[in-house]
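Pasted below: model-v2.tsv, TSV, C-alpha atoms.
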chain	number	residue	atom	x	y	z
A	1	MET	CA	-26.44	11.13	13.61
A	2	ASN	CA	-28.49	9.23	11.01
A	3	HIS	CA	-26.09	7.08	9.02
A	4	ARG	CA	-28.51	6.46	6.15
A	5	GLN	CA	-29.08	10.18	5.63
A	6	LEU	CA	-25.34	10.76	5.88
A	7	LEU	CA	-24.64	8.15	3.21
A	8	ASP	CA	-27.30	9.67	0.94
A	9	ASP	CA	-25.63	13.05	1.41
A	10	VAL	CA	-22.23	11.64	0.47
A	11	LEU	CA	-23.62	10.08	-2.69
A	12	ALA	CA	-25.15	13.47	-3.50
A	13	GLY	CA	-21.74	15.16	-3.21
A	14	HIS	CA	-21.25	15.92	0.48
A	15	ARG	CA	-17.61	15.67	1.61
A	16	LEU	CA	-17.38	13.62	4.79
A	17	THR	CA	-15.90	15.35	7.81
A	18	PRO	CA	-13.41	13.45	9.96
A	19	GLY	CA	-16.02	13.15	12.71
A	20	GLU	CA	-18.55	11.67	10.28
A	21	ALA	CA	-15.99	9.18	9.00
A	22	GLU	CA	-15.18	8.09	12.54
A	23	TYR	CA	-18.90	7.62	13.16
A	24	LEU	CA	-19.17	5.32	10.12
A	25	PHE	CA	-16.25	3.26	11.44
A	26	SER	CA	-18.20	2.80	14.69
A	27	LEU	CA	-21.26	1.20	13.07
A	28	ARG	CA	-22.04	-2.40	13.92
A	29	ASP	CA	-24.68	-5.06	13.23
A	30	ARG	CA	-26.44	-4.92	9.85
A	31	GLU	CA	-25.87	-1.17	9.67
A	32	VAL	CA	-22.42	-1.82	8.16
A	33	PHE	CA	-23.99	-3.23	5.00
A	34	SER	CA	-25.46	0.15	4.12
A	35	VAL	CA	-21.94	1.61	4.28
A	36	PHE	CA	-20.62	-1.14	2.01
A	37	SER	CA	-23.48	-0.57	-0.44
A	38	ALA	CA	-22.95	3.20	-0.58
A	39	ALA	CA	-19.23	2.74	-1.13
A	40	ASP	CA	-19.89	0.24	-3.90
A	41	ARG	CA	-22.25	2.68	-5.63
A	42	LEU	CA	-19.63	5.41	-5.42
A	43	ARG	CA	-16.98	3.03	-6.80
A	44	GLU	CA	-19.24	2.30	-9.77
A	45	GLU	CA	-19.79	6.01	-10.43
A	46	LYS	CA	-16.06	6.75	-10.27
A	47	VAL	CA	-14.42	3.84	-12.08
A	48	GLY	CA	-17.14	1.61	-13.51
A	49	ASP	CA	-17.31	-2.16	-13.26
A	50	ALA	CA	-13.69	-3.08	-13.97
A	51	VAL	CA	-11.66	-4.95	-11.37
A	52	THR	CA	-8.06	-4.10	-12.21
A	53	TYR	CA	-4.70	-5.67	-11.46
A	54	VAL	CA	-1.10	-5.13	-12.51
A	55	ARG	CA	1.12	-7.97	-13.66
A	56	ASN	CA	4.06	-7.35	-11.39
A	57	GLN	CA	6.92	-9.07	-9.61
A	58	ASN	CA	8.16	-8.30	-6.12
A	59	ILE	CA	11.93	-8.37	-5.72
A	60	HIS	CA	13.20	-8.38	-2.14
A	61	ILE	CA	16.62	-6.73	-1.92
A	62	THR	CA	17.52	-7.19	1.74
A	63	ASN	CA	15.87	-7.86	5.07
A	64	ILE	CA	18.63	-6.09	7.00
A	65	CYS	CA	17.02	-3.00	8.47
A	66	LYS	CA	17.95	-0.12	10.74
A	67	ASN	CA	14.36	0.26	11.96
A	68	LEU	CA	13.36	-3.20	13.24
A	69	CYS	CA	9.81	-1.96	13.74
A	70	ALA	CA	7.75	-3.77	16.35
A	71	PHE	CA	4.96	-4.53	13.87
A	72	CYS	CA	7.29	-6.19	11.33
A	73	GLY	CA	8.40	-9.82	11.11
A	74	PHE	CA	10.66	-9.26	8.09
A	75	GLY	CA	13.53	-7.08	9.34
A	76	ARG	CA	16.80	-8.52	10.66
A	77	ARG	CA	20.10	-7.30	12.04
A	78	ALA	CA	23.06	-8.11	9.80
A	79	GLU	CA	24.28	-10.77	12.23
A	80	ASP	CA	20.88	-12.46	12.64
A	81	GLU	CA	20.15	-15.89	11.25
A	82	GLY	CA	18.36	-15.58	7.93
A	83	ALA	CA	19.66	-12.09	7.16
A	84	PHE	CA	20.41	-11.50	3.48
A	85	CYS	CA	21.43	-8.72	1.12
A	86	ASP	CA	21.45	-9.41	-2.61
A	87	ASP	CA	24.26	-8.09	-4.76
A	88	GLN	CA	23.61	-6.46	-8.13
A	89	ASP	CA	24.22	-9.67	-10.08
A	90	THR	CA	21.52	-11.44	-8.07
A	91	LEU	CA	19.14	-8.52	-8.54
A	92	ARG	CA	19.77	-8.58	-12.29
A	93	GLU	CA	18.96	-12.29	-12.40
A	94	LYS	CA	15.72	-11.73	-10.48
A	95	ALA	CA	14.83	-8.88	-12.84
A	96	ARG	CA	15.48	-11.05	-15.89
A	97	LEU	CA	13.15	-13.70	-14.45
A	98	ALA	CA	10.51	-11.04	-13.89
A	99	ARG	CA	10.80	-9.87	-17.48
A	100	GLU	CA	10.43	-13.47	-18.71
A	101	ARG	CA	7.12	-13.55	-16.81
A	102	ASN	CA	5.89	-10.63	-18.94
A	103	VAL	CA	5.45	-8.26	-16.04
A	104	THR	CA	4.85	-4.56	-16.64
A	105	GLU	CA	6.05	-3.59	-13.15
A	106	ILE	CA	8.85	-4.61	-10.82
A	107	CYS	CA	8.31	-3.67	-7.19
A	108	LEU	CA	11.54	-3.40	-5.21
A	109	LEU	CA	11.03	-4.20	-1.53
A	110	SER	CA	13.71	-3.80	1.09
A	111	GLY	CA	14.60	-3.26	4.66
A	112	VAL	CA	16.25	0.10	5.26
A	113	HIS	CA	19.81	-1.21	5.26
A	114	PRO	CA	21.95	0.94	7.58
A	115	GLY	CA	24.86	0.90	5.11
A	116	PHE	CA	22.95	1.91	1.99
A	117	THR	CA	23.83	5.31	0.53
A	118	ALA	CA	22.19	7.26	-2.27
A	119	ASP	CA	24.66	5.65	-4.69
A	120	THR	CA	23.54	2.21	-3.48
A	121	TYR	CA	19.94	3.01	-4.35
A	122	PHE	CA	20.92	4.54	-7.71
A	123	GLY	CA	22.96	1.43	-8.50
A	124	ILE	CA	20.13	-0.94	-7.61
A	125	LEU	CA	17.73	0.92	-9.88
A	126	ALA	CA	20.19	1.06	-12.76
A	127	ALA	CA	20.98	-2.67	-12.48
A	128	VAL	CA	17.31	-3.68	-12.49
A	129	ARG	CA	16.48	-1.22	-15.28
A	130	ASP	CA	19.25	-2.61	-17.46
A	131	ALA	CA	18.18	-6.22	-16.85
A	132	ALA	CA	14.49	-5.47	-17.48
A	133	PRO	CA	14.33	-2.57	-19.94
A	134	GLY	CA	10.89	-1.08	-20.42
A	135	VAL	CA	9.51	-2.47	-17.16
A	136	HIS	CA	8.18	0.15	-14.73
A	137	LEU	CA	10.17	0.31	-11.48
A	138	HIS	CA	8.01	0.95	-8.41
A	139	ALA	CA	10.45	1.29	-5.57
A	140	PHE	CA	11.52	2.62	-2.19
A	141	SER	CA	9.75	4.60	0.49
A	142	PRO	CA	10.06	8.09	1.93
A	143	ASP	CA	12.02	6.53	4.80
A	144	GLU	CA	14.59	5.16	2.33
A	145	VAL	CA	14.78	8.53	0.60
A	146	SER	CA	15.40	10.18	3.98
A	147	HIS	CA	18.03	7.58	4.89
A	148	ALA	CA	19.84	7.98	1.56
A	149	SER	CA	19.86	11.74	2.09
A	150	CYS	CA	21.36	11.43	5.59
A	151	MET	CA	24.00	8.93	4.46
A	152	SER	CA	25.11	10.91	1.43
A	153	GLY	CA	24.91	14.59	2.29
A	154	LEU	CA	22.34	15.15	-0.44
A	155	SER	CA	18.97	16.80	-0.07
A	156	THR	CA	15.95	14.54	-0.38
A	157	ARG	CA	15.11	16.39	-3.59
A	158	GLU	CA	18.52	15.47	-5.00
A	159	VAL	CA	18.01	11.85	-3.94
A	160	LEU	CA	14.63	11.72	-5.67
A	161	LEU	CA	16.04	13.26	-8.85
A	162	GLY	CA	18.92	10.78	-8.80
A	163	MET	CA	16.51	7.89	-8.35
A	164	LYS	CA	14.41	9.16	-11.23
A	165	ASP	CA	17.47	9.44	-13.47
A	166	ALA	CA	18.49	5.89	-12.50
A	167	GLY	CA	15.12	4.45	-13.56
A	168	LEU	CA	12.59	5.03	-10.79
A	169	GLY	CA	9.10	5.13	-12.25
A	170	SER	CA	7.06	5.68	-9.09
A	171	LEU	CA	7.70	5.86	-5.36
A	172	GLN	CA	6.08	3.60	-2.80
A	173	GLY	CA	3.88	5.40	-0.31
A	174	THR	CA	4.98	2.96	2.37
A	175	ALA	CA	6.63	3.73	5.73
A	176	ALA	CA	3.37	5.57	6.44
A	177	GLU	CA	1.86	2.90	8.71
A	178	ILE	CA	-0.28	5.32	10.75
A	179	LEU	CA	0.56	8.99	10.21
A	180	VAL	CA	0.09	9.89	13.87
A	181	ASP	CA	3.31	10.41	15.81
A	182	ARG	CA	1.92	9.18	19.14
A	183	VAL	CA	1.28	5.82	17.42
A	184	ARG	CA	4.56	5.86	15.48
A	185	SER	CA	6.49	6.30	18.74
A	186	VAL	CA	5.27	2.83	19.73
A	187	ILE	CA	5.15	0.83	16.49
A	188	CYS	CA	7.99	2.38	14.44
A	189	PRO	CA	10.00	4.84	16.56
A	190	ARG	CA	13.06	4.79	14.27
A	191	LYS	CA	11.16	5.76	11.14
A	192	LEU	CA	10.74	9.26	9.85
A	193	SER	CA	8.10	11.51	11.40
A	194	THR	CA	4.67	12.19	9.99
A	195	ALA	CA	5.74	15.67	8.88
A	196	GLU	CA	8.83	14.33	7.09
A	197	TRP	CA	6.78	11.63	5.34
A	198	ILE	CA	4.37	14.28	4.08
A	199	ARG	CA	7.19	16.56	2.98
A	200	ILE	CA	8.99	13.88	0.94
A	201	ILE	CA	5.77	12.62	-0.65
A	202	GLU	CA	4.82	16.14	-1.73
A	203	GLU	CA	8.37	16.72	-2.96
A	204	ALA	CA	8.13	13.58	-5.11
A	205	HIS	CA	4.78	14.69	-6.50
A	206	GLY	CA	6.27	18.08	-7.32
A	207	LEU	CA	9.00	16.35	-9.34
A	208	GLY	CA	6.45	14.40	-11.35
A	209	ILE	CA	7.03	11.16	-9.41
A	210	ARG	CA	3.68	9.62	-8.59
A	211	THR	CA	3.23	7.55	-5.46
A	212	THR	CA	0.86	5.17	-3.84
A	213	ALA	CA	-0.70	5.97	-0.47
A	214	THR	CA	-0.88	3.34	2.25
A	215	ILE	CA	-2.39	2.81	5.67
A	216	MET	CA	-1.45	-0.10	7.94
A	217	TYR	CA	-4.27	-0.63	10.40
A	218	GLY	CA	-5.24	-3.01	13.18
A	219	SER	CA	-1.99	-3.02	15.17
A	220	TYR	CA	-2.10	-0.54	18.05
A	221	GLU	CA	-4.29	2.36	16.96
A	222	GLY	CA	-8.05	2.84	16.58
A	223	ALA	CA	-10.62	4.50	14.37
A	224	ALA	CA	-9.71	8.04	15.47
A	225	GLU	CA	-6.17	7.52	14.21
A	226	TRP	CA	-7.41	5.91	10.99
A	227	VAL	CA	-9.40	9.03	10.22
A	228	GLU	CA	-6.52	11.33	11.17
A	229	HIS	CA	-4.34	9.41	8.71
A	230	LEU	CA	-6.92	9.43	5.91
A	231	ALA	CA	-7.46	13.16	6.36
A	232	ILE	CA	-3.74	13.75	5.81
A	233	LEU	CA	-3.86	11.74	2.59
A	234	ARG	CA	-6.93	13.61	1.37
A	235	ASP	CA	-5.30	16.96	2.07
A	236	ILE	CA	-2.14	15.96	0.18
A	237	GLN	CA	-4.20	14.77	-2.77
A	238	ASP	CA	-6.06	18.08	-2.78
A	239	ARG	CA	-2.72	19.89	-3.06
A	240	THR	CA	-0.83	17.63	-5.48
A	241	GLY	CA	-3.07	15.02	-7.14
A	242	GLY	CA	-0.01	12.75	-7.09
A	243	PHE	CA	-1.42	9.58	-5.47
A	244	THR	CA	-2.39	6.76	-7.82
A	245	GLU	CA	-4.36	4.78	-5.23
A	246	LEU	CA	-4.91	3.98	-1.58
A	247	VAL	CA	-3.49	0.65	-0.43
A	248	PRO	CA	-5.04	-0.43	2.91
A	249	LEU	CA	-2.73	-2.94	4.60
A	250	SER	CA	-4.31	-5.06	7.31
A	251	TYR	CA	-1.79	-5.78	10.09
A	252	ILE	CA	-0.54	-9.37	10.13
A	253	HIS	CA	0.26	-9.99	13.77
A	254	ALA	CA	1.34	-13.56	14.47
A	255	ASN	CA	5.14	-13.27	14.28
A	256	THR	CA	5.59	-9.63	15.28
A	257	ARG	CA	7.19	-8.31	18.47
A	258	LEU	CA	4.38	-5.81	18.94
A	259	TYR	CA	1.82	-8.58	19.31
A	260	LEU	CA	4.06	-11.05	21.14
A	261	ALA	CA	4.87	-8.35	23.73
A	262	GLY	CA	1.18	-7.75	24.36
A	263	LEU	CA	1.18	-4.23	22.90
A	264	GLY	CA	-0.53	-4.99	19.61
A	265	LYS	CA	-3.96	-6.30	18.75
A	266	PRO	CA	-4.37	-9.60	16.87
A	267	GLY	CA	-5.01	-7.68	13.67
A	268	ALA	CA	-8.19	-6.15	12.34
A	269	THR	CA	-11.50	-8.02	12.32
A	270	GLY	CA	-13.35	-8.78	9.09
A	271	ARG	CA	-15.81	-6.00	9.89
A	272	GLU	CA	-12.94	-3.54	10.28
A	273	ASP	CA	-11.27	-4.72	7.05
A	274	LEU	CA	-14.42	-4.11	5.01
A	275	LEU	CA	-15.18	-0.81	6.73
A	276	MET	CA	-11.63	0.37	5.98
A	277	THR	CA	-12.28	-0.24	2.29
A	278	SER	CA	-15.72	1.33	2.27
A	279	VAL	CA	-15.11	4.36	4.52
A	280	SER	CA	-11.89	5.09	2.63
A	281	ARG	CA	-13.87	5.08	-0.62
A	282	LEU	CA	-16.45	7.46	0.85
A	283	PHE	CA	-13.96	9.76	2.62
A	284	LEU	CA	-11.28	9.96	-0.08
A	285	ASP	CA	-13.43	11.66	-2.68
A	286	ASN	CA	-10.31	12.75	-4.59
A	287	PHE	CA	-9.00	9.17	-5.05
A	288	ASP	CA	-10.18	7.02	-7.93
A	289	ASN	CA	-8.63	3.74	-6.86
A	290	ILE	CA	-8.95	1.75	-3.63
A	291	GLN	CA	-6.81	-1.37	-3.67
A	292	VAL	CA	-7.72	-4.69	-2.08
A	293	SER	CA	-4.64	-6.42	-0.66
A	294	TRP	CA	-5.49	-10.07	-1.26
A	295	GLY	CA	-2.25	-11.20	0.40
A	296	LYS	CA	-3.45	-9.67	3.67
A	297	LEU	CA	-7.17	-10.47	3.46
A	298	GLY	CA	-7.28	-13.78	1.61
A	299	GLN	CA	-9.26	-14.38	-1.55
A	300	LYS	CA	-12.74	-14.70	-0.04
A	301	LEU	CA	-12.67	-11.53	2.06
A	302	SER	CA	-10.94	-9.74	-0.82
A	303	GLN	CA	-13.88	-10.58	-3.05
A	304	MET	CA	-16.23	-9.05	-0.50
A	305	ALA	CA	-14.05	-5.93	-0.33
A	306	LEU	CA	-14.66	-5.55	-4.06
A	307	LEU	CA	-18.34	-5.21	-3.11
A	308	ALA	CA	-17.51	-2.61	-0.45
A	309	GLY	CA	-15.79	0.06	-2.54
A	310	GLY	CA	-12.62	-1.66	-3.77
A	311	ASN	CA	-11.79	-1.71	-7.46
A	312	ASP	CA	-8.23	-3.03	-7.70
A	313	LEU	CA	-6.70	-6.41	-6.81
A	314	ALA	CA	-3.10	-5.17	-6.59
A	315	GLY	CA	-0.72	-7.42	-8.50
A	316	THR	CA	0.42	-10.95	-9.20
A	317	MET	CA	3.50	-10.27	-6.97
A	318	PHE	CA	4.95	-13.82	-7.27
A	319	SER	CA	6.45	-13.36	-3.77
A	320	ASP	CA	5.67	-11.35	-0.64
A	321	ASP	CA	8.23	-12.23	2.02
A	322	VAL	CA	7.18	-9.28	4.19
A	323	THR	CA	3.64	-10.60	4.66
A	324	VAL	CA	4.67	-14.25	4.88
A	325	ASP	CA	7.33	-13.53	7.52
A	326	ALA	CA	4.70	-11.73	9.60
A	327	GLY	CA	2.61	-14.90	9.67
A	328	ALA	CA	0.30	-14.93	6.65
A	329	GLU	CA	-0.14	-17.91	4.34
A	330	GLY	CA	-0.85	-17.90	0.61
A	331	ALA	CA	0.38	-14.33	0.17
A	332	ASP	CA	2.95	-14.93	-2.54
A	333	TYR	CA	1.11	-15.27	-5.89
A	334	LEU	CA	-2.41	-14.89	-7.20
A	335	ASP	CA	-3.05	-16.25	-10.67
A	336	PRO	CA	-5.05	-13.86	-12.88
A	337	ARG	CA	-7.36	-16.79	-13.62
A	338	ALA	CA	-8.33	-16.79	-9.94
A	339	MET	CA	-8.77	-13.01	-10.05
A	340	LYS	CA	-11.05	-13.41	-13.07
A	341	ARG	CA	-13.20	-15.92	-11.19
A	342	MET	CA	-13.45	-13.57	-8.22
A	343	ALA	CA	-14.49	-10.65	-10.42
A	344	GLU	CA	-16.94	-12.46	-12.66
A	345	ASN	CA	-18.59	-14.17	-9.71
A	346	ILE	CA	-19.77	-10.74	-8.50
A	347	GLY	CA	-20.76	-9.49	-11.93
A	348	ARG	CA	-17.61	-7.54	-12.72
A	349	ARG	CA	-14.91	-7.84	-15.38
A	350	LEU	CA	-11.18	-8.26	-14.79
A	351	CYS	CA	-8.83	-5.87	-16.58
A	352	GLN	CA	-5.07	-5.79	-16.57
A	353	ARG	CA	-3.62	-2.32	-15.97
A	354	THR	CA	-0.28	-0.58	-15.86
A	355	THR	CA	1.13	1.10	-12.74
A	356	ASP	CA	-0.60	4.40	-13.62
A	357	TYR	CA	-3.96	2.62	-14.12
A	358	SER	CA	-3.96	2.77	-17.90
A	359	LEU	CA	-5.67	-0.39	-19.15
A	360	VAL	CA	-3.67	-2.74	-21.35
A	361	PRO	CA	-4.94	-2.95	-24.94
A	362	SER	CA	-6.74	-6.29	-24.47
A	363	CYS	CA	-9.13	-4.74	-21.94
Show me this structure written as structure tokens.
Amino acid sequence: MNHRQLLDDVLAGHRLTPGEAEYLFSLRDREVFSVFSAADRLREEKVGDAVTYVRNQNIHITNICKNLCAFCGFGRRAEDEGAFCDDQDTLREKARLARERNVTEICLLSGVHPGFTADTYFGILAAVRDAAPGVHLHAFSPDEVSHASCMSGLSTREVLLGMKDAGLGSLQGTAAEILVDRVRSVICPRKLSTAEWIRIIEEAHGLGIRTTATIMYGSYEGAAEWVEHLAILRDIQDRTGGFTELVPLSYIHANTRLYLAGLGKPGATGREDLLMTSVSRLFLDNFDNIQVSWGKLGQKLSQMALLAGGNDLAGTMFSDDVTVDAGAEGADYLDPRAMKRMAENIGRRLCQRTTDYSLVPSC
């Protein structure tokens, strides 16, 4: 297979097959730069020269979790040292602080608390909505929707409708990790299955609830599973058009049981990080936005990912306990002034956006 001809074909409108995408992931040496360049050209054709970001605040609700996934350093049992679960008054105070920071989005992050019911989730949303009126609430995962359904005797559709009524603006496409059950049985055996994740995501899209799409890579799987996962996302987007962006999440390994037990890899390499951005851009022809997770990659590699097909720098976040607990440093806040330097240094312009990728008026 000639990779240069293949890349020319993609830029001319050819839709990559899974086998072709896996081949691109296998490239090494200077050949990878032609993949980055093609992805960057396609990014420019799709979304122009803007590097976008959302001014958002992460609020961590609890680290008590029923799943205790092997790849995660955040989750705790209720009796573990450092376990916490914020009450509604604390959540309201965090939401008020977020609003004072002029955020347009609050992202609610949480372990899947074994005692949470649908009413718990509805109450959390209502409390945060009331403390930060007008701020978009990006919250919860398909696994939390499934858990709320099981705990409350409601269908997942009823849970989603209740969340929407309580203030949910968009659903997180997390709990995906790798959408291959033979991998999930090792890294997250207590989470919902691939089929259930797909079903709930498509159900949300059908109710007018948009979601992100994520892939967590570099832990236990390989390129074949990456492509299998991306193909699922592309097929869903063909059917629903409900994904706002792809969020590639590079596995942070240092403090995770998967790595410490010798089952996981020490994360992705820099080559793999940039190829994930670029091959995703080339393969996901029905996605406009490929996010660069600066908290996972660091600022310098994130800047290079913006030259390899990425167009979005995620958000300000202000805190990211999930990534920090897994062993990353400097993953809590990125000042927009630093984002502006990163963008302008590669000849691009920084633009603030909303959750749905509408640009704020100043852009």
Quick one: residues within 9 Å of Leu68 (chain A), only C-alpha atoms counted, chain neighbours fewer than 6 positions away excluded, as a PyMOL selection string? chain A and resi 74-77+111+188+190
Residue nearest Gln291 (chain A) among A:Thr17, A:Gln352, A:Ser152, A:Thr214 (counting all atoms listed in the file):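 The closest residue to Gln291 (chain A) is A:Thr214.
Candidate residues A:Gly309, A:Gly206, A:Pro142, A:Gly347 were compared for distance to Asp285 (chain A), and the nearest is A:Gly309, using all atoms listed in the file.
Across the model, the gap from CA of Leu284 (chain A) to CA of Leu233 (chain A) is 8.1 Å.
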Sel. within 12 Å of pt (-19.9, -10.7, -11.3), counting only C-alpha atoms, output as number ranges by chain: A: 49-51, 303-304, 306-307, 339-350
Can you write out the residues you just picked, keeping C-alpha atoms, as a short mmCIF file (atom, residue, chain, number, x, y, z; two decimals), in the frame of the given file?
data_model
loop_
_atom_site.label_atom_id
_atom_site.label_comp_id
_atom_site.auth_asym_id
_atom_site.auth_seq_id
_atom_site.Cartn_x
_atom_site.Cartn_y
_atom_site.Cartn_z
CA ASP A 49 -17.31 -2.16 -13.26
CA ALA A 50 -13.69 -3.08 -13.97
CA VAL A 51 -11.66 -4.95 -11.37
CA GLN A 303 -13.88 -10.58 -3.05
CA MET A 304 -16.23 -9.05 -0.50
CA LEU A 306 -14.66 -5.55 -4.06
CA LEU A 307 -18.34 -5.21 -3.11
CA MET A 339 -8.77 -13.01 -10.05
CA LYS A 340 -11.05 -13.41 -13.07
CA ARG A 341 -13.20 -15.92 -11.19
CA MET A 342 -13.45 -13.57 -8.22
CA ALA A 343 -14.49 -10.65 -10.42
CA GLU A 344 -16.94 -12.46 -12.66
CA ASN A 345 -18.59 -14.17 -9.71
CA ILE A 346 -19.77 -10.74 -8.50
CA GLY A 347 -20.76 -9.49 -11.93
CA ARG A 348 -17.61 -7.54 -12.72
CA ARG A 349 -14.91 -7.84 -15.38
CA LEU A 350 -11.18 -8.26 -14.79
#
Can you measure CA of Gly242 (chain A) to CA of Arg96 (chain A) for me? One decimal in Å is fine.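 A separation of 29.7 Å between them.
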Rounded to one decimal place, report the CA of Leu179 (chain A)-CA of Thr354 (chain A) distance in Å.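 Spanning CA of Leu179 (chain A) to CA of Thr354 (chain A) is a straight-line distance of 27.8 Å.
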Point out the residue among A:Asp356, A:Asp181, A:Gly264, A:Glu31 with the least atom-to-atom distance to Leu137 (chain A), counting all atoms listed in the file.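 Of A:Asp356, A:Asp181, A:Gly264, A:Glu31, the one nearest Leu137 (chain A) is A:Asp356, counting all atoms listed in the file.
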Can you tell me which residues surround Thr212 (chain A) at a distance of at most 12 Å, considering only C-alpha atoms, apart from same-chain residues fewer than 4 positions away, and format the answer as a short mmCIF file (atom, residue, chain, number, x, y, z; two decimals) with C-alpha atoms, in the frame of the given file?
data_model
loop_
_atom_site.label_atom_id
_atom_site.label_comp_id
_atom_site.auth_asym_id
_atom_site.auth_seq_id
_atom_site.Cartn_x
_atom_site.Cartn_y
_atom_site.Cartn_z
CA HIS A 138 8.01 0.95 -8.41
CA ALA A 139 10.45 1.29 -5.57
CA PHE A 140 11.52 2.62 -2.19
CA SER A 141 9.75 4.60 0.49
CA PRO A 142 10.06 8.09 1.93
CA GLY A 169 9.10 5.13 -12.25
CA SER A 170 7.06 5.68 -9.09
CA LEU A 171 7.70 5.86 -5.36
CA GLN A 172 6.08 3.60 -2.80
CA GLY A 173 3.88 5.40 -0.31
CA THR A 174 4.98 2.96 2.37
CA ALA A 175 6.63 3.73 5.73
CA ALA A 176 3.37 5.57 6.44
CA ILE A 201 5.77 12.62 -0.65
CA GLU A 202 4.82 16.14 -1.73
CA ALA A 204 8.13 13.58 -5.11
CA HIS A 205 4.78 14.69 -6.50
CA LEU A 233 -3.86 11.74 2.59
CA ILE A 236 -2.14 15.96 0.18
CA GLN A 237 -4.20 14.77 -2.77
CA GLY A 241 -3.07 15.02 -7.14
CA GLY A 242 -0.01 12.75 -7.09
CA PHE A 243 -1.42 9.58 -5.47
CA THR A 244 -2.39 6.76 -7.82
CA GLU A 245 -4.36 4.78 -5.23
CA LEU A 246 -4.91 3.98 -1.58
CA VAL A 247 -3.49 0.65 -0.43
CA PRO A 248 -5.04 -0.43 2.91
CA PHE A 287 -9.00 9.17 -5.05
CA ASP A 288 -10.18 7.02 -7.93
CA ASN A 289 -8.63 3.74 -6.86
CA ILE A 290 -8.95 1.75 -3.63
CA GLN A 291 -6.81 -1.37 -3.67
CA ALA A 314 -3.10 -5.17 -6.59
CA THR A 355 1.13 1.10 -12.74
CA ASP A 356 -0.60 4.40 -13.62
CA TYR A 357 -3.96 2.62 -14.12
#
Report as a tab-separated table the residues of region 145-226 of chain A within 8 Å of region 268-274 of chain A, each with its shortest atom pair and distance in Å (one decimal), using only C-alpha atoms, ordered by chain and increasing residue number.
residue	atom	partner	partner_atom	distance
A:Tyr217	CA	A:Ala268	CA	7.0
A:Gly218	CA	A:Ala268	CA	4.4
A:Ser219	CA	A:Ala268	CA	7.5
Select, from A:Arg129, A:His147, A:Leu42, A:Thr104, the residue with the minimum atom-to-atom distance to Ser278 (chain A), counting all atoms listed in the file.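 Of all the options, A:Leu42 lies closest to Ser278 (chain A).
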For Leu125 (chain A), work out the shell of residues within 7 Å, counting all atoms listed in the file and skipping chain neighbours fewer than 6 positions away, then give it as number ranges by chain. A: 166-168
Point (23.0, 4.3, -0.9), cut-off 10 Å, counting only C-alpha atoms, residues as a list in words: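 Checked against the point, the hits come out as His113, Pro114, Gly115, Phe116, Thr117, Ala118, Asp119, Thr120, Tyr121, Phe122, Gly123, Ile124, Glu144, Val145, His147, Ala148, Ser149, Cys150, Met151, Ser152 and Val159 of chain A.
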Rank A:His136, A:Arg234, A:Arg55, A:Arg28 by their smallest atom-to-atom distance to Arg281 (chain A), using all atoms listed in the file, and report the top residue only.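 Nearest candidate to Arg281 (chain A) out of A:His136, A:Arg234, A:Arg55, A:Arg28: A:Arg234.
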Considering all atoms listed in the file, state which residue in the set A:Trp294, A:Phe25, A:Phe318, A:Phe71 is at the smallest distance from Arg101 (chain A).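 Between A:Trp294, A:Phe25, A:Phe318, A:Phe71, the residue approaching Arg101 (chain A) most closely is A:Phe318.
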Would you mind listing what lies within 10 Å of Leu11 (chain A) as a ChimeraX atom specification, with all atoms listed in the file counted and same-chain residues fewer than 2 positions away left out? /A:5-9,13-15,38-39,41-42,45,282
Extract, using all atoms listed in the file, all DNA, RNA and protein residues at most 10 Å from Met1 (chain A), discarding same-chain residues fewer than 6 positions from it, and format them as a CSV table (one decimal) with C-alpha atoms, in the frame of the given file.
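Below you can see out_1.csv, which holds the result:
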chain,number,residue,atom,x,y,z
A,20,GLU,CA,-18.6,11.7,10.3
A,23,TYR,CA,-18.9,7.6,13.2
A,24,LEU,CA,-19.2,5.3,10.1
